[in-house]
Every structure is written in structure tokens, then in C-alpha cells.
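Asks: This is model-v2.cif, which holds mmCIF, C-alpha atoms and all ligand atoms:
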```
data_upload
#
loop_
_atom_site.label_atom_id
_atom_site.label_comp_id
_atom_site.auth_asym_id
_atom_site.auth_seq_id
_atom_site.Cartn_x
_atom_site.Cartn_y
_atom_site.Cartn_z
CA MET A 1 -5.41 38.24 3.68
CA ARG A 2 -6.50 36.03 0.82
CA PRO A 3 -9.98 34.45 1.16
CA VAL A 4 -10.76 31.14 -0.56
CA ASP A 5 -13.63 28.71 -0.28
CA VAL A 6 -11.41 25.67 0.13
CA ALA A 7 -7.74 25.26 1.08
CA ILE A 8 -6.28 21.79 0.56
CA ILE A 9 -2.87 20.94 2.04
CA GLY A 10 -1.13 18.16 0.09
CA ALA A 11 -1.21 17.77 -3.69
CA GLY A 12 -0.95 14.00 -3.76
CA ALA A 13 -3.57 11.55 -5.02
CA ALA A 14 -6.30 12.49 -2.54
CA GLY A 15 -5.62 16.25 -2.60
CA LEU A 16 -5.66 16.43 -6.41
CA MET A 17 -8.92 14.46 -6.64
CA CYS A 18 -10.56 16.61 -3.98
CA ALA A 19 -9.34 19.83 -5.62
CA LEU A 20 -10.49 19.02 -9.15
CA THR A 21 -13.90 17.81 -7.96
CA ALA A 22 -14.57 20.73 -5.62
CA ALA A 23 -13.42 23.26 -8.24
CA ALA A 24 -15.68 21.61 -10.84
CA ARG A 25 -18.55 22.30 -8.41
CA GLY A 26 -17.65 25.97 -8.66
CA ARG A 27 -15.68 26.27 -5.43
CA ASP A 28 -12.65 28.54 -5.29
CA VAL A 29 -9.89 26.05 -4.44
CA LEU A 30 -6.32 26.67 -3.31
CA LEU A 31 -4.15 23.52 -3.34
CA VAL A 32 -0.74 23.82 -1.67
CA ASP A 33 2.17 21.42 -1.37
CA HIS A 34 5.61 21.92 0.13
CA SER A 35 7.21 19.79 -2.61
CA ASN A 36 8.45 21.08 -5.92
CA LYS A 37 6.14 18.67 -7.76
CA ALA A 38 2.58 17.43 -7.27
CA GLY A 39 1.84 13.71 -6.99
CA LYS A 40 5.37 12.40 -6.52
CA LYS A 41 4.07 9.07 -5.20
CA ILE A 42 1.84 8.67 -8.23
CA LEU A 43 4.92 8.99 -10.43
CA MET A 44 6.83 6.39 -8.39
CA SER A 45 3.93 3.99 -8.02
CA GLY A 46 3.49 0.59 -9.60
CA GLY A 47 7.11 0.52 -10.72
CA GLY A 48 6.53 3.74 -12.71
CA ARG A 49 3.28 2.53 -14.27
CA CYS A 50 0.87 3.38 -11.42
CA ASN A 51 -1.49 0.63 -10.32
CA PHE A 52 -4.24 3.25 -10.18
CA THR A 53 -7.18 1.08 -9.06
CA ASN A 54 -8.44 -2.48 -8.81
CA LEU A 55 -11.40 -4.00 -10.66
CA TYR A 56 -12.40 -5.87 -7.51
CA ALA A 57 -12.01 -3.06 -4.97
CA GLU A 58 -14.45 -3.41 -2.08
CA PRO A 59 -14.40 -2.62 1.65
CA ASP A 60 -12.88 -6.02 2.51
CA ASN A 61 -9.66 -4.88 0.86
CA PHE A 62 -9.16 -2.21 3.53
CA PHE A 63 -8.38 -2.32 7.21
CA SER A 64 -8.76 0.17 9.99
CA GLN A 65 -9.67 0.13 13.67
CA ASN A 66 -13.08 1.25 12.40
CA PRO A 67 -13.65 -1.24 9.56
CA HIS A 68 -17.01 0.16 8.37
CA PHE A 69 -15.66 3.69 7.93
CA CYS A 70 -14.46 3.26 4.34
CA LYS A 71 -17.71 1.79 2.98
CA SER A 72 -19.71 4.89 2.18
CA ALA A 73 -16.99 6.77 0.28
CA LEU A 74 -15.93 3.65 -1.65
CA ALA A 75 -19.54 3.03 -2.68
CA ARG A 76 -20.06 6.59 -3.87
CA TYR A 77 -16.86 6.86 -5.91
CA THR A 78 -15.98 3.44 -7.26
CA GLN A 79 -13.17 2.04 -9.38
CA TRP A 80 -15.57 2.39 -12.35
CA ASP A 81 -15.82 6.13 -11.78
CA PHE A 82 -12.04 6.46 -11.85
CA ILE A 83 -11.75 4.16 -14.86
CA ALA A 84 -14.30 6.40 -16.64
CA MET A 85 -12.05 9.42 -16.05
CA VAL A 86 -9.00 7.51 -17.26
CA SER A 87 -10.88 6.44 -20.41
CA ARG A 88 -12.21 9.96 -21.03
CA HIS A 89 -8.61 11.18 -21.10
CA GLY A 90 -7.58 8.38 -23.46
CA VAL A 91 -4.99 7.01 -21.03
CA PRO A 92 -4.12 3.48 -22.20
CA TYR A 93 -4.15 0.85 -19.46
CA HIS A 94 -4.33 -2.88 -18.89
CA GLU A 95 -5.12 -5.41 -16.17
CA LYS A 96 -1.84 -6.94 -15.03
CA LYS A 97 -3.31 -9.58 -12.71
CA LEU A 98 -5.87 -9.93 -9.92
CA GLY A 99 -7.83 -6.92 -11.17
CA GLN A 100 -4.85 -4.58 -10.85
CA LEU A 101 -5.03 -1.81 -13.48
CA PHE A 102 -1.77 -0.26 -14.65
CA CYS A 103 -0.93 2.39 -17.27
CA ASP A 104 0.39 0.93 -20.53
CA ASN A 105 2.91 3.76 -20.70
CA LYS A 106 3.86 5.84 -17.69
CA ALA A 107 2.38 6.80 -14.31
CA LYS A 108 2.81 10.35 -15.58
CA ASP A 109 -0.34 9.80 -17.66
CA ILE A 110 -2.40 9.60 -14.46
CA LEU A 111 -0.73 12.62 -12.90
CA ASN A 112 -1.14 14.67 -16.09
CA MET A 113 -4.81 13.69 -16.24
CA LEU A 114 -5.38 14.92 -12.69
CA LEU A 115 -3.41 18.12 -13.32
CA ASP A 116 -5.37 18.78 -16.54
CA GLU A 117 -8.64 18.35 -14.68
CA CYS A 118 -7.41 20.71 -11.96
CA ALA A 119 -6.36 23.31 -14.52
CA GLN A 120 -9.67 23.07 -16.41
CA ALA A 121 -11.65 23.49 -13.21
CA GLY A 122 -9.54 26.48 -12.14
CA VAL A 123 -7.69 25.04 -9.14
CA ASP A 124 -4.99 27.39 -7.87
CA LEU A 125 -2.08 24.94 -7.36
CA ARG A 126 0.90 26.30 -5.42
CA LEU A 127 4.00 24.14 -5.04
CA ASN A 128 7.05 24.85 -2.84
CA THR A 129 4.61 26.30 -0.32
CA THR A 130 4.92 25.68 3.38
CA VAL A 131 2.09 26.11 5.85
CA GLN A 132 3.60 27.31 9.10
CA GLN A 133 0.50 27.42 11.23
CA VAL A 134 -3.25 26.89 11.14
CA GLU A 135 -5.76 28.67 13.38
CA ARG A 136 -9.51 28.53 13.70
CA THR A 137 -11.28 31.90 13.30
CA ASP A 138 -14.89 33.05 12.95
CA ALA A 139 -14.44 33.14 9.16
CA GLY A 140 -13.07 29.60 8.98
CA TYR A 141 -9.42 28.50 9.02
CA LEU A 142 -6.53 30.93 8.93
CA LEU A 143 -3.37 29.53 7.33
CA HIS A 144 0.00 31.24 7.72
CA THR A 145 1.87 30.26 4.56
CA ASP A 146 4.77 31.31 2.36
CA LEU A 147 2.12 32.94 0.16
CA GLY A 148 1.00 35.09 3.07
CA ASP A 149 -2.10 34.53 5.16
CA VAL A 150 -4.99 32.63 3.65
CA VAL A 151 -8.43 32.30 5.16
CA ALA A 152 -10.51 29.34 4.02
CA GLU A 153 -14.10 28.33 4.75
CA SER A 154 -13.05 24.68 4.49
CA LEU A 155 -9.66 23.19 5.22
CA VAL A 156 -8.77 19.77 3.82
CA ILE A 157 -5.78 17.85 5.19
CA ALA A 158 -4.40 15.59 2.44
CA THR A 159 -0.79 15.29 3.55
CA GLY A 160 -0.62 11.48 3.44
CA GLY A 161 1.37 9.22 5.74
CA LEU A 162 5.01 8.91 6.78
CA SER A 163 6.26 6.51 4.13
CA ILE A 164 9.15 7.64 1.96
CA PRO A 165 10.21 10.97 3.45
CA THR A 166 12.30 11.69 0.34
CA LEU A 167 9.02 11.91 -1.62
CA GLY A 168 7.75 14.67 0.67
CA ALA A 169 6.10 12.66 3.47
CA THR A 170 5.75 14.44 6.81
CA GLY A 171 3.74 14.07 9.99
CA PHE A 172 2.07 17.44 9.37
CA GLY A 173 -1.43 15.97 9.04
CA TYR A 174 -1.12 14.17 12.35
CA ASP A 175 0.09 17.37 14.05
CA ILE A 176 -2.90 19.30 12.73
CA ALA A 177 -5.23 16.50 13.84
CA ARG A 178 -3.81 16.61 17.37
CA GLN A 179 -3.95 20.42 17.40
CA PHE A 180 -7.69 20.18 16.75
CA GLY A 181 -8.25 17.52 19.40
CA HIS A 182 -8.27 14.42 17.22
CA ASP A 183 -6.72 11.13 18.31
CA VAL A 184 -3.97 9.77 16.09
CA LEU A 185 -3.67 5.99 16.27
CA PRO A 186 -0.12 4.60 16.44
CA THR A 187 1.51 4.51 13.02
CA ARG A 188 3.86 1.95 11.50
CA ALA A 189 5.17 1.01 8.07
CA GLY A 190 2.98 -1.25 5.91
CA LEU A 191 3.44 -2.99 2.55
CA VAL A 192 7.13 -3.15 3.33
CA PRO A 193 9.92 -5.75 2.86
CA PHE A 194 11.17 -7.84 5.78
CA ILE A 195 14.72 -7.76 7.08
CA ILE A 196 16.14 -11.16 8.06
CA THR A 197 19.21 -11.30 10.29
CA ASP A 198 19.21 -14.86 11.67
CA GLN A 199 20.64 -17.99 10.06
CA LEU A 200 18.25 -17.54 7.11
CA LYS A 201 20.01 -14.36 6.01
CA ASP A 202 22.66 -16.24 4.02
CA LEU A 203 19.98 -18.16 2.16
CA CYS A 204 18.15 -14.92 1.31
CA THR A 205 21.37 -13.30 0.13
CA GLU A 206 22.38 -16.25 -2.02
CA LEU A 207 18.92 -16.43 -3.58
CA SER A 208 18.65 -12.65 -3.96
CA GLY A 209 16.56 -11.84 -7.04
CA THR A 210 14.76 -15.20 -7.04
CA SER A 211 10.97 -15.01 -7.08
CA VAL A 212 8.73 -17.96 -6.28
CA ALA A 213 5.00 -18.56 -5.79
CA ALA A 214 4.03 -19.05 -2.13
CA VAL A 215 1.30 -18.64 0.45
CA VAL A 216 2.47 -16.40 3.28
CA SER A 217 0.53 -16.42 6.56
CA CYS A 218 0.63 -14.56 9.86
CA ASN A 219 -1.91 -13.62 12.53
CA GLY A 220 -4.80 -15.33 10.75
CA GLN A 221 -4.15 -13.68 7.37
CA SER A 222 -2.83 -15.44 4.26
CA PHE A 223 -1.74 -14.15 0.88
CA SER A 224 -1.08 -16.29 -2.17
CA GLU A 225 1.35 -14.49 -4.47
CA ASN A 226 5.06 -14.44 -5.23
CA ILE A 227 7.79 -13.87 -2.68
CA LEU A 228 11.15 -12.38 -3.61
CA PHE A 229 14.48 -13.12 -1.90
CA THR A 230 16.58 -9.98 -1.39
CA HIS A 231 20.02 -9.16 0.01
CA ARG A 232 18.33 -7.96 3.18
CA GLY A 233 15.61 -10.57 3.54
CA LEU A 234 12.28 -11.08 1.83
CA SER A 235 10.04 -8.98 -0.36
CA GLY A 236 7.59 -9.56 -3.23
CA PRO A 237 3.82 -9.06 -3.23
CA ALA A 238 2.90 -11.80 -0.72
CA VAL A 239 5.49 -10.54 1.78
CA LEU A 240 4.46 -6.89 1.34
CA GLN A 241 0.83 -7.87 1.94
CA ILE A 242 1.55 -9.85 5.11
CA SER A 243 3.86 -7.12 6.49
CA SER A 244 0.76 -5.02 7.20
CA PHE A 245 -0.45 -7.70 9.64
CA TRP A 246 2.93 -8.52 11.19
CA HIS A 247 4.26 -7.23 14.51
CA LEU A 248 7.79 -7.43 15.85
CA GLY A 249 8.47 -10.93 17.20
CA ASP A 250 5.73 -12.65 15.17
CA ALA A 251 6.63 -15.71 13.10
CA VAL A 252 5.50 -15.81 9.48
CA GLN A 253 4.75 -19.13 7.78
CA ILE A 254 5.64 -19.59 4.15
CA ASN A 255 4.18 -22.42 2.09
CA LEU A 256 6.63 -22.89 -0.77
CA LEU A 257 4.43 -25.53 -2.46
CA PRO A 258 1.16 -23.61 -2.60
CA ASP A 259 -0.55 -25.46 -5.42
CA ARG A 260 -0.22 -29.00 -4.11
CA ASP A 261 -0.35 -31.17 -1.03
CA ALA A 262 3.38 -31.29 -0.24
CA LEU A 263 3.43 -34.78 1.29
CA GLU A 264 1.25 -36.36 -1.37
CA TRP A 265 3.39 -34.85 -4.10
CA LEU A 266 6.66 -36.00 -2.51
CA GLN A 267 5.28 -39.52 -1.96
CA GLY A 268 4.18 -39.61 -5.59
CA GLN A 269 7.64 -38.50 -6.73
CA GLN A 270 9.27 -41.13 -4.50
CA ALA A 271 7.15 -43.86 -6.06
CA ALA A 272 7.63 -42.62 -9.63
CA ARG A 273 11.34 -41.68 -9.46
CA PRO A 274 12.99 -43.53 -6.58
CA ASP A 275 16.51 -42.96 -7.90
CA ALA A 276 16.10 -39.21 -8.50
CA GLU A 277 17.81 -36.94 -5.99
CA LEU A 278 15.58 -34.69 -3.88
CA ARG A 279 17.13 -31.59 -5.44
CA THR A 280 16.29 -32.86 -8.94
CA VAL A 281 12.68 -33.36 -7.88
CA LEU A 282 12.56 -29.90 -6.26
CA SER A 283 14.06 -28.26 -9.34
CA GLU A 284 10.77 -28.98 -11.10
CA VAL A 285 9.17 -26.41 -8.82
CA PHE A 286 12.06 -24.09 -7.93
CA THR A 287 15.06 -22.80 -9.85
CA LYS A 288 17.97 -25.22 -9.91
CA LYS A 289 19.94 -22.99 -7.57
CA MET A 290 17.10 -22.75 -5.07
CA ALA A 291 16.42 -26.51 -5.19
CA THR A 292 20.11 -27.21 -4.56
CA LEU A 293 20.44 -24.67 -1.74
CA LEU A 294 17.28 -25.81 0.05
CA THR A 295 18.36 -29.45 -0.21
CA GLU A 296 21.84 -28.71 1.12
CA ARG A 297 20.72 -26.39 3.92
CA TRP A 298 17.59 -28.12 5.12
CA PHE A 299 17.59 -31.72 3.99
CA ALA A 300 19.97 -34.40 2.77
CA ALA A 301 21.34 -34.68 -0.76
CA LYS A 302 20.23 -38.22 -1.40
CA PRO A 303 17.92 -40.17 -3.73
CA MET A 304 14.20 -40.13 -3.00
CA LYS A 305 14.14 -43.85 -2.15
CA GLN A 306 16.42 -43.26 0.84
CA PHE A 307 13.91 -40.96 2.57
CA THR A 308 11.94 -42.79 5.28
CA PRO A 309 8.23 -41.90 5.62
CA ALA A 310 9.17 -39.70 8.60
CA GLY A 311 12.00 -38.11 6.63
CA LEU A 312 9.68 -37.34 3.74
CA ARG A 313 7.14 -35.84 6.12
CA GLU A 314 9.86 -33.56 7.51
CA VAL A 315 10.62 -32.30 3.99
CA ALA A 316 6.91 -31.76 3.33
CA ASP A 317 6.42 -29.92 6.64
CA ARG A 318 9.37 -27.64 6.02
CA LEU A 319 8.39 -26.77 2.45
CA GLY A 320 4.72 -26.45 3.32
CA ALA A 321 5.17 -24.31 6.42
CA TRP A 322 8.60 -22.68 6.46
CA PRO A 323 8.74 -20.59 9.66
CA VAL A 324 10.47 -17.23 9.38
CA VAL A 325 10.90 -14.67 12.16
CA PRO A 326 11.82 -11.33 10.56
CA ALA A 327 14.12 -9.07 12.55
CA GLY A 328 12.10 -6.09 11.35
CA THR A 329 10.96 -4.29 8.25
CA GLU A 330 12.73 -1.80 6.03
CA GLY A 331 10.53 0.84 7.69
CA TYR A 332 9.23 4.10 6.25
CA ARG A 333 12.26 4.36 3.97
CA THR A 334 10.69 1.91 1.51
CA ALA A 335 7.16 1.25 2.84
CA GLU A 336 4.33 1.85 0.38
CA VAL A 337 1.92 2.91 3.10
CA THR A 338 1.56 4.00 6.70
CA LEU A 339 -0.75 1.99 8.94
CA GLY A 340 -2.74 3.82 11.60
CA GLY A 341 -3.23 7.59 11.53
CA VAL A 342 -6.11 9.94 12.27
CA ASP A 343 -8.77 8.01 14.20
CA THR A 344 -11.79 7.74 11.89
CA ARG A 345 -14.25 7.49 14.77
CA GLU A 346 -14.10 11.27 14.99
CA VAL A 347 -14.57 11.81 11.25
CA SER A 348 -17.76 11.56 9.19
CA PRO A 349 -17.61 8.56 6.83
CA LYS A 350 -19.87 10.37 4.35
CA THR A 351 -18.00 13.65 4.09
CA MET A 352 -14.60 13.11 5.81
CA GLU A 353 -15.44 16.15 7.96
CA SER A 354 -14.15 16.35 11.52
CA ARG A 355 -16.87 15.69 14.07
CA ARG A 356 -15.03 18.10 16.36
CA HIS A 357 -14.49 21.05 14.03
CA PRO A 358 -16.93 21.82 11.20
CA GLY A 359 -15.10 22.78 8.02
CA LEU A 360 -12.04 20.65 8.77
CA TYR A 361 -11.59 17.51 6.61
CA PHE A 362 -9.11 14.61 6.48
CA ILE A 363 -8.71 12.52 3.30
CA GLY A 364 -6.43 9.81 1.93
CA GLU A 365 -3.67 8.04 3.76
CA VAL A 366 -3.51 10.45 6.71
CA LEU A 367 -6.61 8.64 7.99
CA ASP A 368 -6.51 5.24 9.68
CA VAL A 369 -7.57 3.43 6.49
CA THR A 370 -5.10 1.19 4.66
CA GLY A 371 -5.63 -0.94 1.60
CA HIS A 372 -4.08 -4.18 0.50
CA LEU A 373 -1.46 -4.08 -2.25
CA GLY A 374 -3.01 -3.88 -5.71
CA GLY A 375 -4.35 -0.39 -6.46
CA PHE A 376 -6.57 -0.20 -3.37
CA ASN A 377 -4.68 2.62 -1.67
CA PHE A 378 -5.14 4.90 -4.65
CA GLN A 379 -8.81 3.95 -4.81
CA TRP A 380 -9.14 5.09 -1.19
CA ALA A 381 -7.39 8.37 -2.05
CA TRP A 382 -9.76 8.96 -5.01
CA ALA A 383 -12.89 7.96 -3.06
CA SER A 384 -12.17 9.89 0.13
CA GLY A 385 -11.04 12.96 -1.84
CA HIS A 386 -14.21 12.82 -3.91
CA ALA A 387 -16.43 12.41 -0.81
CA ALA A 388 -15.03 15.54 0.84
CA ALA A 389 -15.22 17.48 -2.42
CA GLN A 390 -19.03 17.16 -2.50
CA VAL A 391 -19.43 19.30 0.60
CA VAL A 392 -16.34 21.51 1.10
P1 LIG B 401 0.31 11.32 -0.83
O1 LIG B 401 1.47 10.85 -0.07
O2 LIG B 401 0.10 10.83 -2.22
O3 LIG B 401 0.30 12.92 -0.91
C1 LIG B 401 0.58 13.72 0.20
C2 LIG B 401 1.07 15.05 -0.30
O4 LIG B 401 1.18 15.92 0.81
C3 LIG B 401 2.45 14.98 -0.93
O5 LIG B 401 2.42 15.61 -2.18
C4 LIG B 401 3.35 15.71 0.06
O6 LIG B 401 4.41 16.42 -0.57
C5 LIG B 401 2.36 16.67 0.70
N1 LIG B 401 2.76 17.10 2.04
C6 LIG B 401 3.20 16.34 3.07
N2 LIG B 401 3.48 17.11 4.12
C7 LIG B 401 3.22 18.39 3.77
C8 LIG B 401 3.31 19.64 4.43
N3 LIG B 401 3.77 19.73 5.69
N4 LIG B 401 2.95 20.77 3.75
C9 LIG B 401 2.52 20.68 2.46
N5 LIG B 401 2.42 19.53 1.79
C10 LIG B 401 2.74 18.40 2.44
N6 LIG B 401 -0.91 2.66 -4.11
C11 LIG B 401 -1.65 2.05 -5.08
O7 LIG B 401 -2.88 2.02 -4.95
N7 LIG B 401 -1.04 1.57 -6.20
C12 LIG B 401 0.29 1.63 -6.40
O8 LIG B 401 0.80 1.22 -7.46
C13 LIG B 401 1.11 2.16 -5.36
N8 LIG B 401 2.45 2.19 -5.47
C14 LIG B 401 3.21 2.83 -4.52
C15 LIG B 401 4.60 2.89 -4.67
C16 LIG B 401 5.35 3.57 -3.73
C17 LIG B 401 6.86 3.61 -3.89
C18 LIG B 401 4.72 4.19 -2.63
C19 LIG B 401 5.52 4.95 -1.61
C20 LIG B 401 3.35 4.11 -2.47
C21 LIG B 401 2.58 3.42 -3.40
N9 LIG B 401 1.20 3.34 -3.26
C22 LIG B 401 0.45 2.71 -4.24
C23 LIG B 401 0.49 3.97 -2.14
C24 LIG B 401 -0.07 5.34 -2.60
O9 LIG B 401 0.95 6.06 -3.24
C25 LIG B 401 -0.59 6.14 -1.42
O10 LIG B 401 -1.49 5.37 -0.66
C26 LIG B 401 -1.29 7.41 -1.90
O11 LIG B 401 -0.38 8.20 -2.63
C27 LIG B 401 -1.85 8.21 -0.74
O12 LIG B 401 -2.38 9.39 -1.25
P2 LIG B 401 -2.46 10.73 -0.36
O13 LIG B 401 -2.89 11.79 -1.29
O14 LIG B 401 -3.20 10.46 0.87
O15 LIG B 401 -0.96 10.98 0.08
#
```
Output the file's structure as C-alpha cells, nothing else.
Replies:
Amino acid sequence: MRPVDVAIIGAGAAGLMCALTAAARGRDVLLVDHSNKAGKKILMSGGGRCNFTNLYAEPDNFFSQNPHFCKSALARYTQWDFIAMVSRHGVPYHEKKLGQLFCDNKAKDILNMLLDECAQAGVDLRLNTTVQQVERTDAGYLLHTDLGDVVAESLVIATGGLSIPTLGATGFGYDIARQFGHDVLPTRAGLVPFIITDQLKDLCTELSGTSVAAVVSCNGQSFSENILFTHRGLSGPAVLQISSFWHLGDAVQINLLPDRDALEWLQGQQAARPDAELRTVLSEVFTKKMATLLTERWFAAKPMKQFTPAGLREVADRLGAWPVVPAGTEGYRTAEVTLGGVDTREVSPKTMESRRHPGLYFIGEVLDVTGHLGGFNFQWAWASGHAAAQVV
């Protein structure tokens, strides 16, 4: 039987941060992962460049059934703390847009930084290690693993959510939570592309690869960013963002002319260029192909002067509030995050410790805390991992 101070299951973003911080405090830390590599999602993230935090991260960027839960941890380990670590390691980075910080080179720089910190602090990292069972004993938590039995004073669950099973995602954390009497709120895929199967599918397929600025709205939320047409439907940052607020059957509204009053603009164009065709006018805002397709599918291919005031209003309404009813999402196969998870009302917001079982902690995405797109989910992983590490 191997005794350790802290056993952490899951060597992803949250587990690595918790391990390196707890070990730096002098705790004897065992970090196990069933994968053959630590931090696989870090490597895949941000298109291979890891959007590791956001300059403007604050609690409003996160949602949960318990919206205040994230505040304490985010305040005690901020984006500036993580940026300080990145700078200390000389990892070059830049702001891409909207406060989103990305590596100049590769996401591997962030993973290597975390692994270096773990090694320096003496974390015992064991990959390809499965935990078969966890029991509570007088001495703490008894783990039956491939390494043999391990008994830990503190047990930290950092196994993430269900998104992208091929990157090692499992429901293990939820199973442990239930085993120890915690509620697990219903989970679903978030930050995920939409699938379109109705009459709009052809349009999406034909415009596949086209990206355009838009405001996408649903259920009282709006995001102003690009959308991307795909062979299956719609993606791009604004669509990924809204997917976290969308439920099956909901309509999504897309404003394809986000920077202007659609009707005013069209009226102005009609007055200034009465002989110009609608598609020529639209090609100032969209690609030529998109302007042509939208005109052919939705409107009439005729000069601006032939549109009646009502006809022009119809064009403005359609472009300003295009209604789309997705058939579904691409699901966990491609989702960046899992919504829902371990109910935070039974977890301390200061320490991430279970209110039911002292010594048991939940950190990162396994909890019912989800960030917007833009580096916020990693910031939650760093902050919650750091919070637990102060007390484990
Ligand atoms: P994470 O999933 O990182 O780690 C969980 C670990 O637990 C994994 O290593 C897994 O192998 C291990 N594990 C699971 N089950 C186990 C078991 N039974 N036994 C042992 N180990 C087990 N966020 C962001 O802020 N910026 C970004 O750029 C991106 N980009 C991005 C791209 C893609 C493709 C995805 C899928 C996700 C993102 N994200 C993101 C989201 C971000 O990756 C995510 O929120 C964090 O990685 C969550 O960190 P955790 O440590 O909680 O889980």
C-alpha cells in the first residue's frame, strides 16, 4: 500500500495546475491519467496554439446553475497569475482578438511549461494508469489502480467532461461524484457546431468554408463574431458560443448585417444605385458567391429600383434576422466543452472540497462551470486547480 498526501486523477489542465501547486507547497503528489500523454486537450486547443487565457476573464464569462460559485477561485488565481507563469517560462504569446491570448508557436509550449513545473516540484506523474475503484477509509481515500493500491489523504477529481472521447474523456468523475452522494446535473455538448438538415442545408453546403461577421442570438443571449458555413451546417465562433445556450427545437436568429441598420442601408443603396442588382449591392458585404446565392434563394435577381418599400423591408428583415432551426449539434465528438456536471452547491467555492466528504475535491470541467469561448475554460481549470492546491 503506497501512502501519498494527494492523489489527483486526470492530468489535464486542472490536474496539472493542482499538482504543480500542491507539490510546490511541499505535498507529496501522485498524478495519474489513463491516457498515454498528459494534457491532450491542451495540445489540441486553439487550433494547436492554445488560447490559454483571456485578458478580460471575469465571472460573467462563466455559467452554471450556481452562478456565484466561480467567483472566489477566479479572483484568487487570475489571468495575470497565469500570464506571469507563461512569461517566467519565456513562452512567446500574443493577443489574437477580444483579449484571447494564444501561443506564438505551439500549444506544446504551455504543456511543457506545466510539465516542467510539475517535475521541478517533484510531482509523481503516472500515465497509462487506470483507477479501478475508490473507497473511503479512516486514513483517507483508497485507490485500486494499475500501480497497486494507493492511499491518499486528499483525493482530487480532475477528469474533465465528456467532450472528445478520443482525447481521453470519460464519465469517471461523474461516477465518483455519484458514488460519494453528489448530484450530477444533466450534461450536454457546448461550444459545438450546429447540424442543419432542412432546406437550408444546401445553402450551407454550397457556402462551405465561407466565414462572415454576424450577430447570433438565442434565448436572450447574443454573440457578435464570425459564423462559418460547413458541409454539415454552421460553425464559427458566434455559433459555438450560442450553442451553449441552445436547446433542441429552439430557433436561432442570425443578423448577417451586424454593423448597420439593414433597412436604412438598403434604402440608401436604392437611392444611390437604382440600376444596380441586389446581388451586386450585397457583394459589397458578402463574397460574390454568397451574395448571388442569397439573392437567388431568398430574393429576386432584379435591380434595386424594382424593389417596393415592402419588398425592401422583406430583404432587410431576412438579412437582419435570419431564422435557423438546427437539427442538432455535432455532439461530444467535436464539442469543446461539456455543460452541466457535478453540482457545485455541494462543493466549497473557496477550496473545491466536497461538502459531503472532507478530503475529496472536484476541479476543472467536471464541475458545473462552463466558460464562453475565448480562453475562459482554461482559466477556470487553472483557477479551480490552484484553489484546491492551497488546501489539499
Ligand atoms: P481535461 O479534459 O483537460 O483533462 C481531463 C484528464 O482526465 C484527461 O487527461 C483525461 O485523459 C483524464 N481522464 C479522464 N478519465 C479518466 C479516468 N477514468 N482515469 C484517469 N484519467 C482520466 N479552452 C480554452 O480555454 N481555450 C482553448 O483554446 C480551448 N480549445 C479547445 C479545443 C478543443 C478541441 C477542445 C476539446 C477543448 C478546448 N478547450 C479550450 C476547452 C478546454 O480544453 C477544457 O475546458 C479543459 O481542458 C478542461 O480541463 P480539465 O483539466 O478539467 O479536463
Asks: Quick one: everything within 12 Å of Ser224 in chain A, counting only C-alpha atoms, minus sequence neighbours fewer than 5 positions away in the same chain. Send it as an MDAnalysis selection string.
Replies: chainID A and resid 98 212:217 236:242 253:259
Asks: With only C-alpha atoms and all ligand atoms as the atoms that count, which of A:Val324, A:Val342, A:Leu155, A:Leu191 lies nearest to ligand LIG 401 (chain B)?
Replies: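 Among the listed residues, the smallest separation from ligand LIG 401 (chain B) belongs to A:Leu191.
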Asks: List the spatial neighbours of Thr280 in chain A as a ChimeraX atom specification - criterion: any atom at most 10 Å away, all atoms listed in the file, same-chain residues fewer than 3 positions off excluded.
Replies: /A:276-277,283-286,288,291-292,295,301,303-304
Asks: For Arg27 in chain A, which residue among A:Ala7, A:Met44, A:Ala387, A:Ile363 is the nearest when counting only C-alpha atoms?
Replies: A:Ala7
Asks: Which residue out of A:Ala22, A:Ala158, A:Val325, A:Leu74 has the minimum interatomic distance to Val123 in chain A when all atoms listed in the file are used?
Replies: A:Ala22
Asks: Would you list the residues that come within 7 Å of ligand LIG 401 (chain B)? Count all atoms listed in the file and give the answer as an MDAnalysis selection string.
Replies: chainID A and resid 9:15 32:35 38:42 44:47 50:53 129:131 158:161 163:164 167:172 334:337 363:366 373:379 381
Asks: Using all atoms listed in the file, pick whichever of A:Arg333, A:Arg345, A:Arg297, A:Arg260 has the shortest atom-to-atom distance to Gln65 in chain A.
Replies: A:Arg345
Asks: In the coordinates of the file, take the point (-11.7, 19.6, 22.0) and a cut-off of 12 Å; then, counting only C-alpha atoms, name each qualifying protein, DNA or RNA residue as JSON, numbers by chain.
Replies: {"A": [177, 178, 179, 180, 181, 182, 183, 346, 354, 355, 356, 357]}
Asks: Counting only C-alpha atoms, figure out which residue out of A:Met290, A:Leu282, A:Ala121, A:Val6 gets nearest to Thr205 in chain A.
Replies: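 So, comparing all the options, the nearest one is A:Met290.
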Asks: What does the distance from CA of Gln306 in chain A to CA of Asp202 in chain A come to in Å, to one decimal?
Replies: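 Taking CA of Gln306 in chain A as the start and CA of Asp202 in chain A as the end point, the length is 27.9 Å.
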Asks: Find the spatial neighbours of Ala383 in chain A, counting all atoms listed in the file, within a cut-off of 10 Å - ignore same-chain residues fewer than 6 positions away - and output them as a compact mmCIF listing (two decimals) with C-alpha atoms, keeping the file's coordinate frame.
Replies:
```
# COMPACT_ATOMS: atom_id res chain seq x y z
CA ALA A 14 -6.30 12.49 -2.54
CA MET A 17 -8.92 14.46 -6.64
CA CYS A 18 -10.56 16.61 -3.98
CA CYS A 70 -14.46 3.26 4.34
CA LYS A 71 -17.71 1.79 2.98
CA SER A 72 -19.71 4.89 2.18
CA ALA A 73 -16.99 6.77 0.28
CA LEU A 74 -15.93 3.65 -1.65
CA ALA A 75 -19.54 3.03 -2.68
CA ARG A 76 -20.06 6.59 -3.87
CA TYR A 77 -16.86 6.86 -5.91
CA THR A 78 -15.98 3.44 -7.26
CA GLN A 79 -13.17 2.04 -9.38
CA ASP A 81 -15.82 6.13 -11.78
CA PHE A 82 -12.04 6.46 -11.85
CA ILE A 363 -8.71 12.52 3.30
CA GLY A 364 -6.43 9.81 1.93
CA ASN A 377 -4.68 2.62 -1.67
CA ALA A 389 -15.22 17.48 -2.42
```
Asks: May I ask for the distance between CA of Ala388 in chain A and CA of Thr145 in chain A, given in Å to one decimal place?
Replies: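 Separation between CA of Ala388 in chain A and CA of Thr145 in chain A: 22.7 Å.
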Asks: Just how far from CA of Pro193 in chain A is CA of Asp60 in chain A, in Å to one decimal?
Replies: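 That distance, rounded to one decimal, is 22.8 Å.
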Asks: Which of these residues is nearest to Gly148 in chain A, using all atoms listed in the file: A:Gln269, A:Asn54, A:Gln132, A:Thr210?
Replies: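 Residue with the minimum atom-to-atom distance to Gly148 in chain A: A:Gln132.
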Asks: Which residues are near Phe102 in chain A? Cut-off 7 Å, only C-alpha atoms, ignore same chain within fewer than 2 positions. Put them as a list in words.
Replies: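 Listed by chain and then number, they are Arg49, Cys50, Asn51, Phe52, Tyr93, His94, Glu95, Lys96, Gln100 and Asp104 of chain A.
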